[in-house]
Amino acid sequence: MAIYTGRVSEIRLGSGGELEGHVSCPPAAVPAAGRYLSAYAPREVDAALGTPLLLAQVTGDGFWAAPPFPPSWAPGTELGLRGPLGRGFDLPQGVTRLALAALGSSPARALPLALEALHGGCAVALFSDVLPSSTPASLEIYPLAALCDFISWPGLLALDIPIERLPALRGLLGVRPGDPLPCAAQALVWTPMPCAGMAECGACAVPARRGYKLACADGPVFPLSTLEW
């Protein structure tokens, strides 16, 4: 497992009103869409656990980390970075229509996959009640409530969903219990991952068809068909 050194170089307020941080680091440390780094500030002696950082935007000297970003990390804070870790989004070859749905307070974690798909020639639609601060002109944006009307449109549906909203997902998609989705779907399940796979502490357990899966190791992106929702 790779260990890197990074530094917080800038802080900004994201479109959802939460902090995003720019981390200067080697290119190999930048996580792919949906994967994460376990980051810690060595000078914070009271912080025993790492903070998961997910990609919002790749830059020339690192990346913007999606919220939540620790408010105690100011520009200049040195970071230890472990990873990239976990399983991210997998955009299959041949998919020509991608729908992204951000059910959390920010669409930032979904945007890297949108840019990847647009670069590959996909048509991409984002469903979110929070507008991104900047998006490509080719990205279509709709309110989250419109998703059920488009559920048959995409070849792949990619969700960014807080774990507490999983029980309400069928209602949002307009899918009754027992009915299959008309498209393939992947879900980034956002939940605290305090041990980042080091201890299998179970704090990030996600309900699955058979028992539970750990977001830190088995995810945080899962095929939706493997989850209990």
# chains A, B, ... in the order shown; residues from 1 in each chain; ligands from 1
$ select_by_dssp --residues "chain A" --states "strand (DSSP E or B)" --output "PyMOL selection string"
chain A and resi 3-13+19-24+36-40+51-59+62-65+78-85+87+97-102+123-128+140-142+156-162+184-190+205-208+212-214+220-223+227
$ closest_atom_pairs --of "region 127-200 of chain A" --to "region 31-54 of chain A" --cutoff "7 Å" --atoms "only C-alpha atoms" --output "tab-separated table"
residue	atom	partner	partner_atom	distance
A:Leu188	CA	A:Gly34	CA	6.6
A:Met193	CA	A:Pro52	CA	6.9
A:Pro194	CA	A:Leu49	CA	6.0
A:Cys195	CA	A:Leu49	CA	6.5
A:Ala196	CA	A:Ser38	CA	6.4
$ closest_atom_pairs --of "region 132-189 of chain A" --to "region 108-122 of chain A" --cutoff "9 Å" --atoms "only C-alpha atoms" --output "JSON lines"
{"residue": "A:Pro132", "atom": "CA", "partner": "A:Ala108", "partner_atom": "CA", "distance": 7.1}
{"residue": "A:Thr135", "atom": "CA", "partner": "A:Leu111", "partner_atom": "CA", "distance": 8.4}
{"residue": "A:Pro136", "atom": "CA", "partner": "A:Leu115", "partner_atom": "CA", "distance": 8.1}
{"residue": "A:Ser138", "atom": "CA", "partner": "A:Leu118", "partner_atom": "CA", "distance": 7.8}
{"residue": "A:Leu139", "atom": "CA", "partner": "A:Ala114", "partner_atom": "CA", "distance": 7.8}
{"residue": "A:Ala158", "atom": "CA", "partner": "A:Ala110", "partner_atom": "CA", "distance": 7.9}
{"residue": "A:Leu159", "atom": "CA", "partner": "A:Ala110", "partner_atom": "CA", "distance": 7.7}
{"residue": "A:Asp160", "atom": "CA", "partner": "A:Ala110", "partner_atom": "CA", "distance": 6.5}
{"residue": "A:Leu188", "atom": "CA", "partner": "A:Arg109", "partner_atom": "CA", "distance": 8.8}
$ write_last_selection --atoms "all heavy atoms" --output "PDB file, in the first residue's frame"
ATOM      1  N   PRO A 132     -23.710  22.571  -9.236  1.00  0.00           N
ATOM      2  CA  PRO A 132     -22.249  22.695  -9.160  1.00  0.00           C
ATOM      3  C   PRO A 132     -21.824  24.126  -9.458  1.00  0.00           C
ATOM      4  O   PRO A 132     -22.508  24.864 -10.176  1.00  0.00           O
ATOM      5  CB  PRO A 132     -21.749  21.729 -10.239  1.00  0.00           C
ATOM      6  CG  PRO A 132     -22.915  20.856 -10.560  1.00  0.00           C
ATOM      7  CD  PRO A 132     -24.135  21.664 -10.301  1.00  0.00           C
ATOM      8  N   THR A 135     -19.557  23.789 -14.488  1.00  0.00           N
ATOM      9  CA  THR A 135     -19.752  22.528 -15.203  1.00  0.00           C
ATOM     10  C   THR A 135     -19.522  22.751 -16.692  1.00  0.00           C
ATOM     11  O   THR A 135     -19.681  23.860 -17.196  1.00  0.00           O
ATOM     12  CB  THR A 135     -21.176  21.977 -15.014  1.00  0.00           C
ATOM     13  OG1 THR A 135     -22.121  22.967 -15.459  1.00  0.00           O
ATOM     14  CG2 THR A 135     -21.454  21.642 -13.570  1.00  0.00           C
ATOM     15  N   PRO A 136     -19.171  21.690 -17.416  1.00  0.00           N
ATOM     16  CA  PRO A 136     -19.072  21.810 -18.870  1.00  0.00           C
ATOM     17  C   PRO A 136     -20.446  22.118 -19.478  1.00  0.00           C
ATOM     18  O   PRO A 136     -21.482  21.701 -18.961  1.00  0.00           O
ATOM     19  CB  PRO A 136     -18.582  20.423 -19.306  1.00  0.00           C
ATOM     20  CG  PRO A 136     -18.034  19.792 -18.078  1.00  0.00           C
ATOM     21  CD  PRO A 136     -18.795  20.357 -16.932  1.00  0.00           C
ATOM     22  N   SER A 138     -21.780  20.900 -21.965  1.00  0.00           N
ATOM     23  CA  SER A 138     -22.439  19.697 -22.484  1.00  0.00           C
ATOM     24  C   SER A 138     -23.100  18.859 -21.394  1.00  0.00           C
ATOM     25  O   SER A 138     -23.760  17.868 -21.703  1.00  0.00           O
ATOM     26  CB  SER A 138     -21.437  18.838 -23.255  1.00  0.00           C
ATOM     27  OG  SER A 138     -20.295  18.568 -22.456  1.00  0.00           O
ATOM     28  N   LEU A 139     -22.923  19.223 -20.119  1.00  0.00           N
ATOM     29  CA  LEU A 139     -23.538  18.480 -19.023  1.00  0.00           C
ATOM     30  C   LEU A 139     -24.942  19.007 -18.762  1.00  0.00           C
ATOM     31  O   LEU A 139     -25.130  20.177 -18.427  1.00  0.00           O
ATOM     32  CB  LEU A 139     -22.692  18.611 -17.755  1.00  0.00           C
ATOM     33  CG  LEU A 139     -23.241  17.924 -16.499  1.00  0.00           C
ATOM     34  CD1 LEU A 139     -23.307  16.421 -16.685  1.00  0.00           C
ATOM     35  CD2 LEU A 139     -22.395  18.279 -15.282  1.00  0.00           C
ATOM     36  N   ALA A 158     -25.338   6.247 -11.972  1.00  0.00           N
ATOM     37  CA  ALA A 158     -24.330   6.349 -10.908  1.00  0.00           C
ATOM     38  C   ALA A 158     -24.883   7.246  -9.810  1.00  0.00           C
ATOM     39  O   ALA A 158     -25.239   8.400 -10.068  1.00  0.00           O
ATOM     40  CB  ALA A 158     -23.026   6.908 -11.452  1.00  0.00           C
ATOM     41  N   LEU A 159     -24.939   6.706  -8.609  1.00  0.00           N
ATOM     42  CA  LEU A 159     -25.520   7.416  -7.471  1.00  0.00           C
ATOM     43  C   LEU A 159     -24.437   7.804  -6.476  1.00  0.00           C
ATOM     44  O   LEU A 159     -23.502   7.035  -6.230  1.00  0.00           O
ATOM     45  CB  LEU A 159     -26.543   6.534  -6.758  1.00  0.00           C
ATOM     46  CG  LEU A 159     -27.719   6.007  -7.575  1.00  0.00           C
ATOM     47  CD1 LEU A 159     -28.333   4.797  -6.897  1.00  0.00           C
ATOM     48  CD2 LEU A 159     -28.764   7.100  -7.751  1.00  0.00           C
ATOM     49  N   ASP A 160     -24.583   8.981  -5.888  1.00  0.00           N
ATOM     50  CA  ASP A 160     -23.800   9.365  -4.712  1.00  0.00           C
ATOM     51  C   ASP A 160     -24.833   9.564  -3.607  1.00  0.00           C
ATOM     52  O   ASP A 160     -25.596  10.535  -3.621  1.00  0.00           O
ATOM     53  CB  ASP A 160     -23.022  10.650  -4.989  1.00  0.00           C
ATOM     54  CG  ASP A 160     -22.262  11.142  -3.759  1.00  0.00           C
ATOM     55  OD1 ASP A 160     -22.314  10.466  -2.711  1.00  0.00           O
ATOM     56  OD2 ASP A 160     -21.634  12.211  -3.843  1.00  0.00           O
ATOM     57  N   LEU A 188     -22.195   5.079  -4.894  1.00  0.00           N
ATOM     58  CA  LEU A 188     -21.185   5.493  -3.931  1.00  0.00           C
ATOM     59  C   LEU A 188     -21.942   5.767  -2.631  1.00  0.00           C
ATOM     60  O   LEU A 188     -22.685   6.740  -2.529  1.00  0.00           O
ATOM     61  CB  LEU A 188     -20.455   6.743  -4.404  1.00  0.00           C
ATOM     62  CG  LEU A 188     -19.181   7.162  -3.662  1.00  0.00           C
ATOM     63  CD1 LEU A 188     -18.427   8.236  -4.458  1.00  0.00           C
ATOM     64  CD2 LEU A 188     -19.439   7.678  -2.253  1.00  0.00           C
TER      65      LEU A 188
END
$ residues_around --residues "Ala2 (chain A)" --least-positions-apart "6" --cutoff "9 Å" --atoms "only C-alpha atoms" --output "list in words"
Ala29, Leu81, Arg82, Gly83 and Pro84 of chain A
$ closest_residue --among "A:Gly171, A:Gly86, A:Pro75, A:Gly62" --to "Ala215 (chain A)" --atoms "only C-alpha atoms"
A:Gly86
$ residues_around --residues "Pro26 (chain A)" --least-positions-apart "6" --cutoff "8 Å" --atoms "only C-alpha atoms" --output "VMD selection string"
chain A and resid 4 6 61 to 62
$ residues_around --residues "Thr191 (chain A)" --least-positions-apart "5" --cutoff "10 Å" --atoms "only C-alpha atoms" --output "list in words"
Ile161, Pro162, Ile163, Glu164, Ala203, Cys204, Ala205, Val206, Leu214, Ala215, Cys216 and Pro220 of chain A
$ residues_around --residues "Arg210 (chain A)" --least-positions-apart "5" --cutoff "9 Å" --atoms "only C-alpha atoms" --output "PyMOL selection string"
chain A and resi 226-228
$ closest_residue --among "A:Gly16, A:Pro71, A:Gly197, A:Gly60" --to "Val30 (chain A)" --atoms "only C-alpha atoms"
A:Gly60
